[in-house]
Amino acid sequence: IRIGAKSGWGYGRVRLEKPGYRVFDRTSDEGLAAYLGHRMGAAAPAVAPPWQAPEDALPVPEKGGPFSVAEFSLLLHFEGPVLVKAPIPPIPGAPAGDAARPETYAAAGLQEADHVFISTGESGRYYLPGSSLRGVLRAQAARICLARGRDTEAVLFGVVKKDRAACGKGRIEIEDAVLESGDVVYLDHVAIDRITAAAADGKKFSTCGLMSPIFRTTVRVRFRRGEGALLALWGFLLRDLAQGRLWAGSGTARGYGYIRGAEIVGVNLNLIEEWRARIGADFRGTIGERPGRVVLNSRIKSEL
């Protein structure tokens with residue numbers, strides 16, 4: 001189960017581990033005593049039946065029809081320096097880099113740079129936020145839809161308006177991209193005055209980003225019957241990713257983050273039955289069936 005909505009969709013993945021439930025008969029003295037004792041941590045429950053998983057055959061109430069889900073595992077190849085700024089730079093304190101030893105520049109830059117690449121947790125592992133990639137894809141989707149005169153972009157990415165009836169949660173989910181490979185690079189910068197063409201006073205800054213990293217991410221698209229246009233729009237975005245038409249980064253990081261290409265390393269399709277004929281037999285994967293559904297899976301590495 002995933003919690004969150006709109007631009008935060010994809011955060012807050014929750015998995016229930018070792019589920020169980022307890023039953024107390026509070027209509028009897030013994031059951032009430034067991035319940036109170038359990039709440040106080042002084043006694044075991046009277047009954048602790050095992051967890052029962054729901055059956056697939058149980059009917060699921062429909063609201064607008066069942067969803068189909070297309071999930072793509074991608075490797076994003078960047079070219080050149082990439083920077084997604086951390087909100088708070090690390091506290092200075094590490095020894096400065098040795099001018100005679102260039103290999104020390106990056107390590108010192110992580111502590112001294114004005115802008116450093118974002119990392120997570122105590123491990124300090126670098127990652128590309130799904131929200132950053134989402135913004136890049138939404139801007140490109142808006143250009144595509146503007147040319148075609150359609151509002152598919154609003155449905156795919158969601159819409160927020162004052163009128164609640166017009167609001168809608170997006171159908172695309174982009175997970176945070178984890179770093180597969182890439183070295184830290186330390187760079188000095190200086191802002192140029194547009195009038196004097198000289199270095200602007202007090203505008204020198206440094207960055208510590210990643211040099212030509214590779215990130216792994218997962219993108220899911222949900223669509224109902226008659227909403228194939230949502231999947232088609234994602235296909236256009238995937239094409240632009242693979243053909244090197246998109247850049248990540250903005251503000252001080254603008255100009256960094258050229259996405260040279262994308263590899264599809266895995267595809268999972270969970271579709272309602274009517275999509276079988278549209279997919280056809282050309283999809284190289286394992287086919288599984290459930291009532292009213294067809295499930296296809298492919299882990300064959302391919303490059304667009």
# chains A, B, ... in the order shown; residues from 1 in each chain; ligands from 1
>>> residues_around(residues="range 70-79 of chain A", least_positions_apart="4", cutoff="9 Å", atoms="only C-alpha atoms", output="PyMOL selection string")
chain A and resi 177+180+211-223+231+241-242+247+256-271
>>> write_last_selection(atoms="N, CA and C atoms", output="tab-separated table (two decimals), in the first residue's frame")
chain	number	residue	atom	x	y	z
A	177	ALA	N	14.76	7.46	-7.52
A	177	ALA	CA	15.75	6.70	-8.27
A	177	ALA	C	17.01	6.52	-7.43
A	180	GLU	N	23.02	3.79	-9.17
A	180	GLU	CA	23.69	2.55	-9.55
A	180	GLU	C	25.19	2.75	-9.65
A	211	MET	N	29.14	12.89	-11.41
A	211	MET	CA	29.61	12.91	-12.79
A	211	MET	C	29.05	11.71	-13.55
A	212	SER	N	28.19	11.99	-14.52
A	212	SER	CA	27.60	10.97	-15.40
A	212	SER	C	27.07	9.76	-14.63
A	213	PRO	N	26.16	9.97	-13.68
A	213	PRO	CA	25.64	8.84	-12.90
A	213	PRO	C	24.61	8.03	-13.68
A	214	ILE	N	24.33	6.84	-13.15
A	214	ILE	CA	23.26	5.98	-13.65
A	214	ILE	C	22.32	5.72	-12.48
A	215	PHE	N	21.03	6.01	-12.68
A	215	PHE	CA	20.03	5.83	-11.64
A	215	PHE	C	19.03	4.76	-12.08
A	216	ARG	N	18.52	4.02	-11.10
A	216	ARG	CA	17.49	3.02	-11.34
A	216	ARG	C	16.19	3.49	-10.68
A	217	THR	N	15.10	3.44	-11.44
A	217	THR	CA	13.81	3.87	-10.91
A	217	THR	C	12.71	2.99	-11.47
A	218	THR	N	11.52	3.13	-10.90
A	218	THR	CA	10.34	2.39	-11.35
A	218	THR	C	9.20	3.37	-11.57
A	219	VAL	N	8.52	3.23	-12.69
A	219	VAL	CA	7.39	4.09	-13.03
A	219	VAL	C	6.16	3.20	-13.25
A	220	ARG	N	5.05	3.58	-12.60
A	220	ARG	CA	3.79	2.84	-12.76
A	220	ARG	C	2.72	3.77	-13.32
A	221	VAL	N	1.95	3.25	-14.24
A	221	VAL	CA	0.85	4.01	-14.83
A	221	VAL	C	-0.42	3.18	-14.67
A	222	ARG	N	-1.47	3.80	-14.12
A	222	ARG	CA	-2.76	3.13	-13.95
A	222	ARG	C	-3.75	3.73	-14.95
A	223	PHE	N	-4.55	2.88	-15.53
A	223	PHE	CA	-5.54	3.36	-16.50
A	223	PHE	C	-6.71	2.40	-16.54
A	231	LEU	N	-1.65	5.71	-21.33
A	231	LEU	CA	-0.49	4.86	-21.59
A	231	LEU	C	0.27	5.35	-22.82
A	241	LEU	N	12.68	10.29	-23.12
A	241	LEU	CA	13.74	9.93	-22.18
A	241	LEU	C	14.83	9.14	-22.88
A	242	ALA	N	14.43	8.15	-23.68
A	242	ALA	CA	15.39	7.27	-24.33
A	242	ALA	C	16.20	7.99	-25.39
A	247	TRP	N	16.18	17.10	-19.65
A	247	TRP	CA	17.18	17.52	-18.67
A	247	TRP	C	16.53	17.55	-17.30
A	256	TYR	N	22.55	21.39	-15.71
A	256	TYR	CA	23.07	20.08	-15.34
A	256	TYR	C	21.99	19.05	-15.58
A	257	GLY	N	22.38	17.79	-15.49
A	257	GLY	CA	21.40	16.72	-15.52
A	257	GLY	C	20.90	16.35	-16.89
A	258	TYR	N	21.80	16.32	-17.89
A	258	TYR	CA	21.38	15.89	-19.21
A	258	TYR	C	21.16	14.37	-19.20
A	259	ILE	N	19.95	13.94	-19.52
A	259	ILE	CA	19.61	12.52	-19.56
A	259	ILE	C	19.93	12.00	-20.96
A	260	ARG	N	21.05	11.29	-21.06
A	260	ARG	CA	21.52	10.82	-22.36
A	260	ARG	C	20.64	9.72	-22.94
A	261	GLY	N	20.07	8.91	-22.08
A	261	GLY	CA	19.24	7.82	-22.57
A	261	GLY	C	18.62	7.05	-21.42
A	262	ALA	N	17.76	6.10	-21.76
A	262	ALA	CA	17.08	5.27	-20.77
A	262	ALA	C	17.02	3.84	-21.27
A	263	GLU	N	17.22	2.90	-20.37
A	263	GLU	CA	17.09	1.48	-20.67
A	263	GLU	C	15.88	0.92	-19.93
A	264	ILE	N	15.13	0.09	-20.61
A	264	ILE	CA	14.04	-0.65	-19.96
A	264	ILE	C	14.61	-1.99	-19.52
A	265	VAL	N	14.69	-2.21	-18.21
A	265	VAL	CA	15.25	-3.45	-17.70
A	265	VAL	C	14.18	-4.39	-17.16
A	266	GLY	N	12.95	-3.96	-17.15
A	266	GLY	CA	11.87	-4.82	-16.70
A	266	GLY	C	10.52	-4.20	-16.97
A	267	VAL	N	9.54	-5.02	-17.34
A	267	VAL	CA	8.18	-4.56	-17.60
A	267	VAL	C	7.21	-5.53	-16.96
A	268	ASN	N	6.24	-5.00	-16.21
A	268	ASN	CA	5.16	-5.80	-15.64
A	268	ASN	C	3.84	-5.17	-16.06
A	269	LEU	N	2.98	-5.96	-16.64
A	269	LEU	CA	1.67	-5.49	-17.07
A	269	LEU	C	0.60	-6.32	-16.38
A	270	ASN	N	-0.29	-5.65	-15.68
A	270	ASN	CA	-1.44	-6.30	-15.04
A	270	ASN	C	-2.68	-5.65	-15.66
A	271	LEU	N	-3.26	-6.33	-16.64
A	271	LEU	CA	-4.27	-5.72	-17.50
A	271	LEU	C	-5.59	-6.44	-17.40
>>> residues_around(residues="Lys85 in chain A", least_positions_apart="2", cutoff="6 Å", atoms="only C-alpha atoms", output="ChimeraX atom specification")
/A:83,115-118
>>> residues_around(residues="Ala232 in chain A", least_positions_apart="2", cutoff="12 Å", atoms="only C-alpha atoms", output="list in words")
Ala70, Ala141, Ile144, Cys145, Thr152, Glu153, Leu156, Val221, Arg222, Phe223, Gly226, Glu227, Gly228, Ala229, Leu230, Trp234, Gly235, Phe236, Leu237, Leu238 and Arg239 of chain A
